[in-house]
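**Student:** Below is a structure I'd like to ask you about.
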Amino acid sequence: MKSRKIVLAVLLALLVPMGALAQSAAQELDVNELQRQLQEMRSQITRMQSCIDELKRANANAGTSPGAELVPQNQSGPSQGLTSPPDKSAPSSTSPPKSPTTFSSGAWLFKIGGYIKLDMIHDFNAVGSTDTFNPRTIPVDGSQGTNTRIHARETRLSLGITGPVNDRDLKLSFEGDFYGTNNAFRLRHAYAQYRFLLVGQTWSTFMDEENIPNTIDFETPLAAPFVRQGLLRLTTKPSKRTLLAFGVEESDPEVVPPPGVAGKTEKTLPDFTGRFRYTNGRGHVQLSGFVSRTRFRPNIGDPTDVTIGGVLVSARYRSFGRDTVYAQFSYGPGLGRYRGDVSAAPDASGKLKAVEVTALTAGYEHYWSPRWSSNIVASPAWVLSHLADPNRRFDYVAANLRYWFLENRGWAGLEYLYGLKETRNEMQGHANRIQAALRINFP
């Protein structure tokens, strides 16, 4: 009995250390497994941080926010976002901060843009256009008068949307200002662009939207074609430096009816437009044209059809540093269609004919420093046809000085404007204006 107790005690003494040893081994295995998992998690976190750092460096090197292509920020014009050209007077910035008005949703990028602009205008002579400088409204009867005007109607809002569709970018652009009736919001641009196709309302294919003179005045030089309208445009690039485009566009000619004849104007065909542009590192040259047909239908008698058309040669060249010299020459029977003037009028016999017009715009933009710039432009236009249109010549001259007090965000400017209107009976009217402006761009 005593020997049996001794055996049991010996076995118990052996089993207890073995159990403890087994439990210790199991615990050691659990700790080793946890340490291995923690090490894997640390490696994954390190790899994720490396990817985040690479994305931050890529965004910093990109320079500008994606999806920011909107209408030209210049004047009545690009924009851009629209595909209006950017404001060329803006000082350069090597690494601008990301705009809070640019955001994404899935694969789509959204860009809210625009600016607030205050115009302070003083006219020393009588002129019919108080918010813009339009020489067509200068009186030639010797009328006197001065006027002061302060408004913010050029303030703009824009939205650009870009996203992938079938591995290609689809771009949607919208822009408006407050030049509508009683300062109502007015549509400027609304179009969609996919590959070679553009549909909607934007700058005409006939004009050169990348060569709009950088004036503070909203109207811009009178002689340069300047129209936004509904259109369908097809664009192709035969080579890296050339562009070819064709458009079918809204036709809106102004027709002067024969004296004493009641009737209406009919748009029998749209405007067919085309352009060819060559671009290199310092600028571009564009040749463009349009052709259309309009009709005057009298209440009594047969209608009269008139063909209108025009050509434009435009060039812009960077001369020294950021300085730019630019010019446009245009000619055509019915060319006034693209500056809001008469396209057709009756001759001495009362027969309706297209009004021949030729025009020239030339200017130079100089940068005194990264923040200071000036621009001077002259733009005469001549009415060649001896028709019922009484006008013979218009002149538009502008010279300005601009200072960017907030880099890429705000500028103040002062501009002098001179206009001349001359009629066929040699009557003339002159107008002088001083315009100051302050503009703050959206961040």
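To be explicit about the labels: the chains of the structure tokens are called A, B, and onward in the order shown, and within each one the residues are counted from 1, while ligands get numbers from 1 in the order they are shown.
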What's the 8 Å shell around Asp123 in chain A, counting only C-alpha atoms, without same-chain residues fewer than 3 positions away, as a ChimeraX atom specification?
**Tutor:** /A:126-127,146-148,431-434
**Student:** Nearest to Ile300 in chain A: which of A:Ala262, A:Leu269, A:Leu172, A:Leu234 is it, counting only C-alpha atoms?
**Tutor:** A:Ala262
**Student:** Do you have, as JSON lines, the list of residues of range 108-141 of chain A lying at most 12 Å from range 374-384 of chain A, each with its nearest atom pair and that distance in Å to one decimal, counting only C-alpha atoms and ordered by chain then number?
**Tutor:**
{"residue": "A:Asn134", "atom": "CA", "partner": "A:Ser379", "partner_atom": "CA", "distance": 12.0}
{"residue": "A:Pro135", "atom": "CA", "partner": "A:Pro380", "partner_atom": "CA", "distance": 10.4}
{"residue": "A:Arg136", "atom": "CA", "partner": "A:Ala381", "partner_atom": "CA", "distance": 10.9}
**Student:** So which one's closest to Asn391 in chain A, A:Leu406, A:Val140, A:Ile161, A:Ile150? Using only C-alpha atoms, please.
**Tutor:** A:Val140
**Student:** Do you have, as CSV, the list of residues of range 278-348 of chain A lying at most 8 Å from range 244-257 of chain A, each with its nearest atom pair and that distance in Å to one decimal, counting only C-alpha atoms and ordered by chain then number?
**Tutor:**
residue,atom,partner,partner_atom,distance
A:Ser292,CA,A:Ser251,CA,7.5
A:Thr294,CA,A:Pro253,CA,7.3
A:Phe296,CA,A:Pro257,CA,7.3
A:Arg337,CA,A:Pro253,CA,5.3
A:Gly340,CA,A:Glu254,CA,7.7
A:Asp341,CA,A:Glu254,CA,6.7
A:Val342,CA,A:Glu254,CA,4.9
A:Ser343,CA,A:Glu254,CA,5.4
A:Ala344,CA,A:Val255,CA,4.9
A:Ala345,CA,A:Val256,CA,4.7
A:Pro346,CA,A:Pro257,CA,6.6
**Student:** Just how far from CA of Thr130 in chain A is CA of Arg402 in chain A, in Å to one decimal?
**Tutor:**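 CA of Thr130 in chain A lies at a distance of 21.9 Å from CA of Arg402 in chain A.
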**Student:** If you run DSSP over the backbone, which residues in range 144-327 of chain A end up strand (DSSP E)? Put them as a ChimeraX atom specification.
**Tutor:** /A:147-151,156-165,168-177,186-194,197-203,228-239,242-249,254-255,263-267,271-280,283-298,304-318,324-327
